[in-house]
file input_38.cif (mmCIF, C-alpha atoms and all ligand atoms)
data_work
#
loop_
_atom_site.label_atom_id
_atom_site.label_comp_id
_atom_site.auth_asym_id
_atom_site.auth_seq_id
_atom_site.Cartn_x
_atom_site.Cartn_y
_atom_site.Cartn_z
CA MET A 239 -4.60 19.60 -20.38
CA SER A 240 -7.86 19.58 -18.49
CA TYR A 241 -10.88 17.61 -19.63
CA THR A 242 -14.56 18.12 -19.09
CA HIS A 243 -15.85 15.01 -20.91
CA ILE A 244 -14.41 11.52 -20.69
CA GLN A 245 -16.24 9.43 -23.22
CA ASN A 246 -16.39 5.73 -23.79
CA VAL A 247 -15.75 4.48 -20.25
CA VAL A 248 -17.34 1.73 -18.17
CA LEU A 249 -18.77 2.40 -14.71
CA ASP A 250 -20.32 -0.55 -12.82
CA SER A 251 -20.63 -2.46 -16.13
CA THR A 252 -22.48 0.41 -17.85
CA SER A 253 -20.73 2.26 -20.65
CA GLY A 254 -21.08 5.98 -20.98
CA SER A 255 -19.36 9.31 -20.36
CA LEU A 256 -18.06 11.05 -17.28
CA ILE A 257 -18.71 14.77 -17.06
CA LEU A 258 -16.29 16.81 -14.95
CA HIS A 259 -16.85 20.34 -13.72
CA GLN A 260 -14.31 22.44 -11.82
CA GLY A 261 -12.39 19.46 -10.50
CA CYS A 262 -15.47 17.50 -9.47
CA LEU A 263 -17.49 14.71 -10.98
CA GLN A 264 -20.68 16.23 -12.28
CA ALA A 265 -22.44 13.24 -13.79
CA PHE A 266 -22.16 9.88 -15.48
CA ILE A 267 -24.25 9.71 -18.63
CA PRO A 268 -24.94 6.16 -19.90
CA ASP A 269 -24.60 5.72 -23.65
CA SER A 270 -28.30 4.91 -23.88
CA ASP A 271 -29.21 8.38 -22.58
CA SER A 272 -29.11 11.22 -25.03
CA TYR A 273 -27.34 14.34 -24.02
CA ASP A 274 -25.92 17.32 -25.83
CA THR A 275 -22.70 16.34 -27.53
CA PRO A 276 -19.80 18.33 -26.16
CA SER A 277 -19.22 21.57 -27.93
CA ALA A 278 -15.89 22.12 -29.62
CA ARG A 279 -14.54 24.25 -26.83
CA GLU A 280 -15.01 21.49 -24.30
CA GLN A 281 -12.13 19.11 -23.83
CA THR A 282 -12.93 15.49 -24.53
CA LEU A 283 -10.84 12.41 -23.76
CA ASP A 284 -11.60 9.02 -25.32
CA GLY A 285 -11.57 6.54 -22.42
CA ARG A 286 -11.19 3.58 -24.84
CA CYS A 287 -13.51 1.29 -22.89
CA CYS A 288 -11.52 1.59 -19.66
CA HIS A 289 -13.21 0.90 -16.35
CA VAL A 290 -13.59 3.82 -13.95
CA LEU A 291 -12.49 3.08 -10.38
CA PRO A 292 -11.83 5.46 -7.47
CA SER A 293 -8.23 6.60 -7.04
CA LEU A 294 -6.48 4.19 -4.63
CA THR A 295 -4.83 4.84 -1.25
CA ASP A 296 -1.69 3.00 -0.13
CA ILE A 297 -1.03 3.24 3.59
CA HIS A 298 2.38 1.55 3.54
CA VAL A 299 5.20 2.67 1.26
CA HIS A 300 8.91 3.37 1.64
CA LEU A 301 9.94 6.33 -0.49
CA ARG A 302 13.56 6.30 0.79
CA GLU A 303 14.02 10.10 0.86
CA PRO A 304 15.83 11.55 2.72
CA GLY A 305 18.94 9.42 2.72
CA PHE A 306 18.54 6.60 0.22
CA GLU A 307 17.72 8.51 -2.97
CA TYR A 308 19.64 5.96 -5.04
CA LYS A 309 16.84 3.47 -4.26
CA GLU A 310 13.94 5.89 -4.67
CA ASP A 311 13.10 9.51 -4.00
CA ILE A 312 9.86 11.27 -3.28
CA ALA A 313 9.54 12.45 -6.90
CA SER A 314 10.03 8.98 -8.42
CA GLY A 315 8.01 7.22 -5.71
CA LEU A 316 5.02 9.48 -6.23
CA ALA A 317 5.37 9.09 -10.01
CA ALA A 318 5.16 5.32 -9.52
CA ALA A 319 2.16 5.83 -7.23
CA ALA A 320 0.39 7.88 -9.91
CA ALA A 321 1.14 5.21 -12.52
CA GLY A 322 -0.05 2.45 -10.23
CA GLY A 323 -3.36 4.18 -9.46
CA PHE A 324 -2.53 5.46 -5.96
CA GLY A 325 -3.53 9.07 -5.34
CA ARG A 326 -2.54 9.06 -1.67
CA VAL A 327 0.30 7.24 0.07
CA LEU A 328 1.55 6.98 3.65
CA ALA A 329 5.35 6.91 3.70
CA MET A 330 7.21 5.10 6.47
CA ALA A 331 9.80 6.70 8.71
CA ASN A 332 12.88 4.51 8.12
CA THR A 333 14.69 7.17 6.12
CA ARG A 334 18.10 8.64 6.99
CA PRO A 335 17.72 10.66 9.09
CA VAL A 336 14.70 8.87 10.48
CA ASN A 337 11.45 10.85 10.33
CA ASP A 338 11.39 11.40 14.09
CA GLN A 339 11.25 15.19 14.09
CA GLY A 340 8.99 17.81 12.59
CA SER A 341 11.69 19.21 10.31
CA ILE A 342 12.02 15.88 8.46
CA THR A 343 8.24 15.59 8.08
CA ARG A 344 8.08 19.12 6.68
CA TYR A 345 10.98 18.39 4.31
CA MET A 346 9.13 15.35 2.93
CA LEU A 347 5.91 17.30 2.48
CA GLN A 348 7.73 20.13 0.75
CA LYS A 349 9.46 17.73 -1.69
CA ALA A 350 6.15 16.10 -2.52
CA HIS A 351 4.49 19.44 -3.15
CA GLU A 352 7.42 20.68 -5.23
CA HIS A 353 7.43 17.66 -7.57
CA HIS A 354 3.76 16.68 -7.56
CA PRO A 355 1.66 19.75 -6.73
CA ASP A 356 -1.48 18.12 -8.16
CA GLY A 357 -0.82 14.79 -6.43
CA PRO A 358 -0.36 11.99 -5.71
CA PHE A 359 -0.38 13.25 -2.14
CA LEU A 360 2.13 12.20 0.47
CA TYR A 361 1.24 11.63 4.13
CA PRO A 362 4.34 11.00 6.22
CA VAL A 363 4.26 8.36 8.97
CA GLY A 364 6.20 9.50 12.02
CA ALA A 365 8.62 7.25 13.87
CA LEU A 366 7.09 5.81 17.02
CA THR A 367 10.44 5.85 18.85
CA ARG A 368 13.50 8.06 18.50
CA GLY A 369 15.71 6.83 15.67
CA LEU A 370 13.36 3.79 15.46
CA LYS A 371 15.56 2.38 18.20
CA GLY A 372 12.68 1.20 20.40
CA LYS A 373 14.14 2.82 23.53
CA GLU A 374 12.20 6.07 24.01
CA LEU A 375 9.19 7.67 22.37
CA ALA A 376 9.67 10.07 19.47
CA PRO A 377 8.15 13.57 19.91
CA LEU A 378 4.74 12.40 18.75
CA ALA A 379 2.92 15.71 19.25
CA GLU A 380 5.57 17.57 17.23
CA LEU A 381 5.31 14.98 14.45
CA ALA A 382 1.53 15.20 14.39
CA GLU A 383 1.74 18.99 14.30
CA ALA A 384 4.14 18.80 11.34
CA GLY A 385 1.72 16.63 9.37
CA CYS A 386 2.27 12.95 10.24
CA ARG A 387 -0.89 10.90 9.73
CA ALA A 388 0.19 7.75 11.59
CA PHE A 389 3.04 6.52 13.75
CA SER A 390 5.04 3.37 13.19
CA ASN A 391 8.31 1.69 13.99
CA ASP A 392 8.00 -0.27 10.73
CA GLY A 393 11.15 -2.21 9.97
CA LEU A 394 12.36 -2.20 13.56
CA PRO A 395 9.50 -3.57 15.67
CA VAL A 396 9.16 -2.36 19.27
CA GLN A 397 9.95 -5.23 21.64
CA ASP A 398 9.42 -3.32 24.90
CA ASN A 399 5.76 -3.92 25.78
CA GLU A 400 5.59 -1.11 28.32
CA LEU A 401 6.96 1.39 25.82
CA PHE A 402 4.55 0.13 23.19
CA ARG A 403 1.66 0.56 25.60
CA ARG A 404 2.66 4.17 26.29
CA ALA A 405 3.05 4.79 22.57
CA LEU A 406 -0.52 3.62 21.98
CA GLU A 407 -1.78 5.90 24.75
CA TYR A 408 0.08 9.01 23.55
CA ALA A 409 -0.91 8.40 19.93
CA SER A 410 -4.52 7.93 20.99
CA ASP A 411 -4.48 11.27 22.84
CA LEU A 412 -3.41 12.82 19.53
CA ASP A 413 -6.14 10.86 17.73
CA ILE A 414 -3.56 9.12 15.54
CA ILE A 415 -3.37 5.39 14.85
CA VAL A 416 -0.24 3.31 15.41
CA ILE A 417 0.73 0.95 12.60
CA ASP A 418 2.62 -1.96 14.10
CA HIS A 419 5.16 -4.12 12.31
CA CYS A 420 4.53 -7.36 14.20
CA GLU A 421 7.71 -9.31 14.70
CA ASP A 422 9.36 -10.80 17.74
CA SER A 423 12.95 -10.00 16.84
CA PHE A 424 14.33 -12.68 19.15
CA LEU A 425 12.38 -15.40 17.35
CA SER A 426 13.21 -13.99 13.92
CA ALA A 427 16.89 -13.23 14.60
CA GLY A 428 19.13 -14.25 11.70
CA GLY A 429 16.23 -15.60 9.63
CA VAL A 430 16.04 -14.84 5.92
CA MET A 431 12.95 -16.76 4.76
CA ASN A 432 9.95 -18.66 6.15
CA GLU A 433 10.91 -21.44 8.54
CA GLY A 434 9.75 -24.80 7.28
CA ARG A 435 10.27 -27.46 4.65
CA MET A 436 11.66 -25.03 2.09
CA SER A 437 14.17 -23.39 4.45
CA ASP A 438 15.39 -26.89 5.41
CA TYR A 439 15.70 -27.80 1.74
CA LEU A 440 17.60 -24.62 0.84
CA GLY A 441 19.70 -24.65 3.99
CA LEU A 442 18.66 -21.12 4.93
CA LYS A 443 17.79 -19.91 8.41
CA GLY A 444 14.04 -19.54 8.77
CA ILE A 445 11.68 -17.11 10.48
CA PRO A 446 8.79 -18.99 12.12
CA HIS A 447 5.31 -17.57 11.52
CA VAL A 448 4.87 -17.44 15.29
CA ALA A 449 7.42 -14.58 15.33
CA GLU A 450 4.65 -12.54 13.71
CA SER A 451 1.58 -13.95 15.47
CA LEU A 452 3.10 -13.64 18.92
CA GLN A 453 3.36 -9.87 18.41
CA VAL A 454 -0.10 -9.79 16.80
CA SER A 455 -1.50 -11.35 19.97
CA ARG A 456 0.35 -8.82 22.15
CA ASP A 457 -1.12 -5.96 20.14
CA ILE A 458 -4.63 -7.40 20.29
CA LEU A 459 -4.39 -7.86 24.06
CA LEU A 460 -3.15 -4.29 24.53
CA ALA A 461 -5.81 -2.87 22.17
CA ALA A 462 -8.47 -4.71 24.19
CA TYR A 463 -7.04 -3.72 27.57
CA LEU A 464 -6.61 -0.04 26.65
CA ASP A 465 -9.55 0.15 24.24
CA ILE A 466 -7.25 1.92 21.79
CA PRO A 467 -7.16 1.00 18.09
CA VAL A 468 -4.05 -0.54 16.58
CA HIS A 469 -3.35 -1.30 12.95
CA LEU A 470 -1.32 -4.40 12.08
CA ALA A 471 1.01 -4.07 9.10
CA HIS A 472 1.73 -6.65 6.36
CA ILE A 473 0.05 -9.75 7.83
CA SER A 474 1.60 -12.80 6.19
CA CYS A 475 0.28 -15.97 7.81
CA ALA A 476 -2.82 -17.97 8.71
CA SER A 477 -2.09 -17.97 12.44
CA SER A 478 -2.23 -14.14 12.54
CA VAL A 479 -5.45 -14.15 10.50
CA GLU A 480 -7.04 -16.48 13.05
CA LEU A 481 -6.10 -14.15 15.93
CA ILE A 482 -7.44 -11.09 14.09
CA TYR A 483 -10.67 -12.93 13.31
CA GLN A 484 -11.18 -13.79 16.98
CA ALA A 485 -10.36 -10.21 18.04
CA LYS A 486 -12.90 -8.76 15.64
CA GLN A 487 -15.53 -11.22 16.88
CA LYS A 488 -15.01 -9.62 20.28
CA SER A 489 -15.13 -6.08 18.81
CA ILE A 490 -11.53 -5.36 19.82
CA PRO A 491 -10.44 -2.22 17.88
CA VAL A 492 -7.91 -3.84 15.58
CA SER A 493 -7.43 -3.51 11.82
CA ALA A 494 -4.96 -5.17 9.51
CA GLU A 495 -3.37 -5.06 6.10
CA THR A 496 -1.70 -7.58 3.85
CA CYS A 497 0.19 -7.07 0.60
CA PRO A 498 -0.22 -8.29 -2.98
CA HIS A 499 2.86 -10.53 -2.63
CA TYR A 500 1.38 -12.49 0.29
CA LEU A 501 -1.79 -13.03 -1.73
CA HIS A 502 0.15 -14.31 -4.74
CA TRP A 503 3.33 -16.09 -3.88
CA SER A 504 4.51 -18.64 -1.37
CA GLU A 505 7.95 -19.64 -0.15
CA GLU A 506 8.22 -21.82 -3.29
CA LEU A 507 9.33 -18.65 -5.06
CA VAL A 508 12.54 -18.58 -3.02
CA LYS A 509 13.70 -21.78 -4.76
CA GLY A 510 16.85 -21.06 -6.74
CA TYR A 511 17.76 -18.47 -4.10
CA ASN A 512 15.67 -15.82 -5.84
CA THR A 513 16.54 -12.61 -4.00
CA LEU A 514 13.54 -10.84 -5.57
CA ALA A 515 11.41 -13.09 -3.34
CA ARG A 516 13.18 -11.96 -0.18
CA VAL A 517 10.85 -9.80 1.88
CA ASN A 518 10.02 -9.28 5.55
CA PRO A 519 7.82 -10.85 6.80
CA PRO A 520 8.80 -13.66 4.45
CA LEU A 521 6.60 -15.33 1.85
CA ARG A 522 4.91 -18.21 3.70
CA THR A 523 3.33 -21.52 2.67
CA PRO A 524 0.63 -22.08 0.02
CA ASP A 525 -1.86 -22.64 2.87
CA ASP A 526 -1.04 -19.19 4.27
CA VAL A 527 -1.69 -17.67 0.84
CA LEU A 528 -5.14 -19.32 0.78
CA ALA A 529 -5.92 -18.12 4.32
CA LEU A 530 -5.00 -14.55 3.40
CA ARG A 531 -7.15 -14.65 0.27
CA GLN A 532 -10.12 -15.71 2.36
CA ALA A 533 -9.27 -13.04 4.95
CA VAL A 534 -9.36 -10.15 2.46
CA ARG A 535 -12.50 -11.50 0.83
CA GLU A 536 -14.28 -11.71 4.18
CA ASN A 537 -12.91 -8.40 5.50
CA VAL A 538 -10.97 -10.01 8.36
CA VAL A 539 -7.95 -8.27 6.85
CA ASP A 540 -9.24 -4.79 5.98
CA ILE A 541 -6.67 -3.38 3.59
CA ILE A 542 -4.29 -4.31 0.79
CA ALA A 543 -1.16 -2.12 1.02
CA THR A 544 1.96 -2.50 -1.10
CA ASP A 545 4.78 -2.22 1.48
CA HIS A 546 6.57 -0.74 -1.55
CA ALA A 547 10.25 -1.29 -0.72
CA PRO A 548 12.45 -0.32 -3.66
CA HIS A 549 16.12 -1.29 -3.83
CA ALA A 550 18.87 -0.73 -6.40
CA ASP A 551 19.62 -3.68 -8.74
CA PHE A 552 23.11 -4.21 -7.34
CA GLU A 553 21.73 -4.67 -3.83
CA LYS A 554 19.64 -7.68 -4.87
CA GLU A 555 22.41 -9.17 -7.05
CA VAL A 556 24.12 -10.82 -4.08
CA PRO A 557 23.79 -14.20 -2.29
CA PHE A 558 20.28 -14.67 -0.85
CA ALA A 559 21.30 -14.35 2.80
CA GLN A 560 22.93 -10.97 2.12
CA ALA A 561 20.14 -9.42 0.05
CA PRO A 562 17.98 -6.67 1.56
CA ASN A 563 14.30 -7.36 2.26
CA GLY A 564 11.66 -5.80 0.07
CA ILE A 565 9.59 -5.78 -3.09
CA SER A 566 8.92 -2.75 -5.25
CA GLY A 567 5.14 -2.69 -5.38
CA LEU A 568 3.54 0.58 -6.50
CA ASP A 569 3.75 -0.05 -10.25
CA THR A 570 2.42 -3.61 -10.15
CA ALA A 571 0.00 -3.88 -7.18
CA LEU A 572 -3.20 -3.22 -9.07
CA ALA A 573 -2.36 -5.65 -11.89
CA LEU A 574 -1.56 -8.38 -9.34
CA CYS A 575 -4.84 -7.74 -7.54
CA LEU A 576 -6.81 -7.71 -10.80
CA ASP A 577 -5.42 -11.18 -11.35
CA LEU A 578 -7.27 -12.24 -8.18
CA VAL A 579 -10.45 -10.76 -9.66
CA ARG A 580 -9.99 -12.76 -12.87
CA ARG A 581 -9.56 -15.90 -10.77
CA ASN A 582 -12.75 -15.11 -8.84
CA VAL A 583 -10.89 -14.81 -5.55
CA LEU A 584 -12.19 -11.22 -5.26
CA GLN A 585 -14.76 -9.05 -6.99
CA LEU A 586 -13.89 -5.65 -8.42
CA GLN A 587 -15.87 -3.98 -5.61
CA ASP A 588 -13.76 -5.89 -3.05
CA LEU A 589 -10.66 -4.30 -4.57
CA VAL A 590 -12.23 -0.86 -4.26
CA ARG A 591 -12.99 -1.56 -0.59
CA LEU A 592 -9.52 -3.00 0.15
CA MET A 593 -7.44 -0.50 -1.83
CA ALA A 594 -9.49 2.72 -1.75
CA THR A 595 -12.37 3.05 0.70
CA SER A 596 -11.13 1.20 3.81
CA PRO A 597 -7.58 2.62 3.88
CA ALA A 598 -8.83 6.19 3.39
CA ARG A 599 -11.54 5.83 6.07
CA LEU A 600 -9.24 4.23 8.61
CA PHE A 601 -6.58 6.94 8.32
CA GLY A 602 -8.92 9.91 7.94
CA LEU A 603 -7.95 10.68 4.35
CA PRO A 604 -10.37 11.88 1.67
CA VAL A 605 -12.51 8.92 0.63
CA CYS A 606 -12.73 8.72 -3.14
CA THR A 607 -16.15 7.75 -4.40
CA LEU A 608 -17.57 8.18 -7.85
CA GLU A 609 -20.68 10.06 -6.75
CA PRO A 610 -21.68 13.31 -8.46
CA GLY A 611 -20.34 16.38 -6.67
CA ARG A 612 -17.31 14.54 -5.28
CA PRO A 613 -13.74 15.50 -6.31
CA ALA A 614 -12.78 13.91 -9.63
CA ASP A 615 -10.26 11.46 -8.11
CA PHE A 616 -10.43 8.36 -10.27
CA ILE A 617 -8.46 5.96 -12.44
CA LEU A 618 -9.22 4.57 -15.87
CA VAL A 619 -8.18 0.92 -15.95
CA ASP A 620 -7.82 -1.25 -19.04
CA LEU A 621 -8.58 -4.72 -17.66
CA GLU A 622 -7.26 -6.45 -20.80
CA HIS A 623 -4.04 -4.50 -21.35
CA ARG A 624 -0.99 -6.77 -21.14
CA TRP A 625 2.35 -5.36 -20.12
CA THR A 626 5.71 -6.46 -18.77
CA PRO A 627 7.22 -4.83 -15.67
CA GLY A 628 10.76 -3.70 -16.38
CA PRO A 629 13.01 -0.66 -16.68
CA ASP A 630 10.92 0.82 -19.52
CA THR A 631 7.53 0.35 -17.90
CA MET A 632 8.07 0.93 -14.19
CA LEU A 633 8.37 4.45 -12.82
CA SER A 634 9.81 3.40 -9.47
CA LYS A 635 13.60 3.44 -9.37
CA GLY A 636 13.37 -0.01 -7.76
CA LYS A 637 12.72 -2.81 -10.28
CA ASN A 638 12.95 -5.45 -7.54
CA THR A 639 9.76 -7.42 -8.06
CA PRO A 640 9.26 -11.14 -8.69
CA CYS A 641 7.07 -10.19 -11.68
CA LEU A 642 9.98 -8.48 -13.42
CA GLY A 643 9.92 -9.59 -17.07
CA GLN A 644 6.61 -11.45 -16.70
CA THR A 645 3.36 -10.57 -18.43
CA LEU A 646 0.75 -8.86 -16.28
CA GLN A 647 -2.78 -8.07 -17.32
CA GLY A 648 -4.55 -4.85 -16.38
CA ARG A 649 -3.12 -1.35 -16.32
CA VAL A 650 -3.95 2.17 -15.22
CA MET A 651 -4.30 4.12 -18.47
CA ALA A 652 -5.17 7.45 -16.85
CA HIS A 653 -5.35 8.82 -13.32
CA PHE A 654 -7.17 12.00 -12.35
CA LEU A 655 -6.91 13.87 -9.06
CA GLY A 656 -9.20 16.85 -8.58
CA GLY A 657 -9.94 16.61 -12.29
CA VAL A 658 -6.26 16.96 -13.24
CA PRO A 659 -4.59 14.06 -15.08
CA VAL A 660 -1.51 12.93 -13.12
CA ILE A 661 -0.94 10.04 -15.55
CA ASN A 662 -2.36 9.80 -19.04
CA ARG A 663 -1.43 6.90 -21.29
CA LEU A 664 -4.53 7.22 -23.48
ZN ZN B 1 7.31 -1.55 5.48
#
call {"tool": "encode", "arguments": {"input": "input_38.cif", "output": "structure tokens"}}
result
Amino acid sequence: MSYTHIQNVVLDSTSGSLILHQGCLQAFIPDSDSYDTPSAREQTLDGRCCHVLPSLTDIHVHLREPGFEYKEDIASGLAAAAAGGFGRVLAMANTRPVNDQGSITRYMLQKAHEHHPDGPFLYPVGALTRGLKGKELAPLAELAEAGCRAFSNDGLPVQDNELFRRALEYASDLDIIVIDHCEDSFLSAGGVMNEGRMSDYLGLKGIPHVAESLQVSRDILLAAYLDIPVHLAHISCASSVELIYQAKQKSIPVSAETCPHYLHWSEELVKGYNTLARVNPPLRTPDDVLALRQAVRENVVDIIATDHAPHADFEKEVPFAQAPNGISGLDTALALCLDLVRRNVLQLQDLVRLMATSPARLFGLPVCTLEPGRPADFILVDLEHRWTPGPDTMLSKGKNTPCLGQTLQGRVMAHFLGGVPVINRL
């Protein structure tokens, strides 16, 4: 079904109607303005007072295909993206086989096109090193040629500084940004949660926050020395935020993301050995949560990405130290972030910057705006709608989220890409 009129929606606190024409936004007509009522042959959707926001972009997801389709596949991952409001996602390379050759990239793109021809759109992230082993560079030019939009060793951080330097240089020649998972794997070895009071209390081996910030400082120093941009993935602690702040003060070309879980939960959530709270980097202290909230508000951290990491139920139903890292995030990210808006931590326009405009700009993807003449890529969000994440409401195969069974407020009721509804719950 294609629509040309979407009535009864709210745009920047004005209610009115969106007019679409051939996949583009033609106009927004406030209710106070008179205009010709749509003729019978035009297709009208009642927006039921939903807010119109640009379609979101998530630069950090794990869609598990090829190799781990029991956790997620490209079809289900993109369905969850559509439902969560994300029209474009960057999928990490830690599949099996690893996405370190053009044929894997092309396979992923073909699967995405087969199952979701109208979007959401998949942009594969190529492995930075062969097999993500951190020993030799992957064929970066071949990966770029096949369609990779970024390179990353996410999950298995590169420890060899010389190799990482060369990776930045090669990627820069191809005009592609490296996304770095910042972790000193010697400092973090064997750790399963944040190192501190709570890990002492629970008797679990901790990962100190300096394991992250040490690598953040390496990346900043290399970015400054080479004058090559680097993007820092899933920043989790105040000490990294401080380093990024200082780097930006000096105009060093560094950007960073954090995730909804680091803005919401602290290590307290691990109490009771809750495996749904196990994630890497780990949930940190309440002070880190506050520092990250300030960092996204003040644009020190540029982007909110999900680090969507789905797992099968049975994999999390094990003792804490044996559980895999990761939180399934595509279905719930927007609701969690809207909670920050309700608590006045962020404004709605901050969310648009952090989840739509900045990620698209940084990675050279189409920037969704709601201006007339632009592609009709937008979501209709009911800010009041209450729902409970669970098997019936989440489209990701992975239900591994700490908000499982809890009430969230705010939901994507419809999602349009190029004027085509990819989700419609209205
Ligand atoms: Zn990741």
call {"tool": "residues_around", "arguments": {"input": "input_38.cif", "residues": "Leu401 in chain A", "least_positions_apart": "2", "cutoff": "12 Å", "atoms": "only C-alpha atoms", "output": "PDB file with C-alpha atoms, keeping the file's coordinate frame"}}
result
ATOM      1  CA  LEU A 366       7.090   5.810  17.020  1.00  0.00           C
ATOM      2  CA  THR A 367      10.440   5.850  18.850  1.00  0.00           C
ATOM      3  CA  ARG A 368      13.500   8.060  18.500  1.00  0.00           C
ATOM      4  CA  LYS A 371      15.560   2.380  18.200  1.00  0.00           C
ATOM      5  CA  GLY A 372      12.680   1.200  20.400  1.00  0.00           C
ATOM      6  CA  LYS A 373      14.140   2.820  23.530  1.00  0.00           C
ATOM      7  CA  GLU A 374      12.200   6.070  24.010  1.00  0.00           C
ATOM      8  CA  LEU A 375       9.190   7.670  22.370  1.00  0.00           C
ATOM      9  CA  ALA A 376       9.670  10.070  19.470  1.00  0.00           C
ATOM     10  CA  ASN A 391       8.310   1.690  13.990  1.00  0.00           C
ATOM     11  CA  PRO A 395       9.500  -3.570  15.670  1.00  0.00           C
ATOM     12  CA  VAL A 396       9.160  -2.360  19.270  1.00  0.00           C
ATOM     13  CA  GLN A 397       9.950  -5.230  21.640  1.00  0.00           C
ATOM     14  CA  ASP A 398       9.420  -3.320  24.900  1.00  0.00           C
ATOM     15  CA  ASN A 399       5.760  -3.920  25.780  1.00  0.00           C
ATOM     16  CA  ARG A 403       1.660   0.560  25.600  1.00  0.00           C
ATOM     17  CA  ARG A 404       2.660   4.170  26.290  1.00  0.00           C
ATOM     18  CA  ALA A 405       3.050   4.790  22.570  1.00  0.00           C
ATOM     19  CA  LEU A 406      -0.520   3.620  21.980  1.00  0.00           C
ATOM     20  CA  GLU A 407      -1.780   5.900  24.750  1.00  0.00           C
ATOM     21  CA  TYR A 408       0.080   9.010  23.550  1.00  0.00           C
ATOM     22  CA  LEU A 460      -3.150  -4.290  24.530  1.00  0.00           C
TER      23      LEU A 460
END
call {"tool": "residues_near_point", "arguments": {"input": "input_38.cif", "point": "(-15.0, 16.6, -19.0)", "cutoff": "8 Å", "atoms": "all atoms listed in the file", "output": "MDAnalysis selection string"}}
result
chainID A and resid 240:244 256:259 280:283
call {"tool": "atom_distance", "arguments": {"input": "input_38.cif", "atom1": "CA of Lys509 in chain A", "atom2": "CA of Val556 in chain A"}}
result
15.1 Å
call {"tool": "residues_near_ligand", "arguments": {"input": "input_38.cif", "ligand": "ligand ZN 1 (chain B)", "cutoff": "7 Å", "atoms": "all atoms listed in the file", "output": "ChimeraX atom specification"}}
result
/A:298-300,330,392-393,545,547
call {"tool": "closest_residue", "arguments": {"input": "input_38.cif", "among": "A:Val454, A:Cys420, A:Ile565, A:Ala571", "to": "Asp296 in chain A", "atoms": "all atoms listed in the file"}}
result
A:Ala571
call {"tool": "atom_distance", "arguments": {"input": "input_38.cif", "atom1": "CA of Cys475 in chain A", "atom2": "CA of Thr626 in chain A"}}
result
28.7 Å
call {"tool": "atom_distance", "arguments": {"input": "input_38.cif", "atom1": "CA of Gln453 in chain A", "atom2": "CA of Val527 in chain A"}}
result
19.9 Å
call {"tool": "closest_residue", "arguments": {"input": "input_38.cif", "among": "A:Arg302, A:Arg599, A:His546, A:Arg522", "to": "Asn332 in chain A", "atoms": "all atoms listed in the file"}}
result
A:Arg302
call {"tool": "residues_around", "arguments": {"input": "input_38.cif", "residues": "Leu328 in chain A", "least_positions_apart": "6", "cutoff": "9 Å", "atoms": "only C-alpha atoms", "output": "PyMOL selection string"}}
result
chain A and resi 295-300+359-363+386-388
call {"tool": "write_last_selection", "arguments": {"input": "input_38.cif", "atoms": "C-alpha atoms", "output": "CSV table (one decimal), keeping the file's coordinate frame"}}
result
chain,number,residue,atom,x,y,z
A,295,THR,CA,-4.8,4.8,-1.2
A,296,ASP,CA,-1.7,3.0,-0.1
A,297,ILE,CA,-1.0,3.2,3.6
A,298,HIS,CA,2.4,1.6,3.5
A,299,VAL,CA,5.2,2.7,1.3
A,300,HIS,CA,8.9,3.4,1.6
A,359,PHE,CA,-0.4,13.2,-2.1
A,360,LEU,CA,2.1,12.2,0.5
A,361,TYR,CA,1.2,11.6,4.1
A,362,PRO,CA,4.3,11.0,6.2
A,363,VAL,CA,4.3,8.4,9.0
A,386,CYS,CA,2.3,13.0,10.2
A,387,ARG,CA,-0.9,10.9,9.7
A,388,ALA,CA,0.2,7.8,11.6
call {"tool": "closest_residue", "arguments": {"input": "input_38.cif", "among": "A:Leu633, A:Val658, A:Tyr511, A:Leu464", "to": "Gly441 in chain A", "atoms": "all atoms listed in the file"}}
result
A:Tyr511
call {"tool": "residues_around", "arguments": {"input": "input_38.cif", "residues": "His447 in chain A", "least_positions_apart": "2", "cutoff": "8 Å", "atoms": "only C-alpha atoms", "output": "list of chain:residue names"}}
result
A:Asn432, A:Glu433, A:Ile445, A:Ala449, A:Glu450, A:Ser451, A:Cys475, A:Ser477, A:Arg522
call {"tool": "closest_residue", "arguments": {"input": "input_38.cif", "among": "A:Leu514, A:Leu412, A:Leu291, A:Val539", "to": "Leu586 in chain A", "atoms": "all atoms listed in the file"}}
result
A:Leu291
call {"tool": "residues_around", "arguments": {"input": "input_38.cif", "residues": "Glu555 in chain A", "least_positions_apart": "4", "cutoff": "9 Å", "atoms": "only C-alpha atoms", "output": "MDAnalysis selection string"}}
result
chainID A and resid 513 551 561
call {"tool": "residues_near_point", "arguments": {"input": "input_38.cif", "point": "(10.9, -9.4, 13.6)", "cutoff": "8 Å", "atoms": "all atoms listed in the file", "output": "PDB file with C-alpha atoms, keeping the file's coordinate frame"}}
result
ATOM      1  CA  LEU A 394      12.360  -2.200  13.560  1.00  0.00           C
ATOM      2  CA  PRO A 395       9.500  -3.570  15.670  1.00  0.00           C
ATOM      3  CA  HIS A 419       5.160  -4.120  12.310  1.00  0.00           C
ATOM      4  CA  CYS A 420       4.530  -7.360  14.200  1.00  0.00           C
ATOM      5  CA  GLU A 421       7.710  -9.310  14.700  1.00  0.00           C
ATOM      6  CA  ASP A 422       9.360 -10.800  17.740  1.00  0.00           C
ATOM      7  CA  SER A 423      12.950 -10.000  16.840  1.00  0.00           C
ATOM      8  CA  PHE A 424      14.330 -12.680  19.150  1.00  0.00           C
ATOM      9  CA  LEU A 425      12.380 -15.400  17.350  1.00  0.00           C
ATOM     10  CA  SER A 426      13.210 -13.990  13.920  1.00  0.00           C
ATOM     11  CA  ALA A 427      16.890 -13.230  14.600  1.00  0.00           C
ATOM     12  CA  ALA A 449       7.420 -14.580  15.330  1.00  0.00           C
ATOM     13  CA  GLU A 450       4.650 -12.540  13.710  1.00  0.00           C
ATOM     14  CA  PRO A 519       7.820 -10.850   6.800  1.00  0.00           C
TER      15      PRO A 519
END
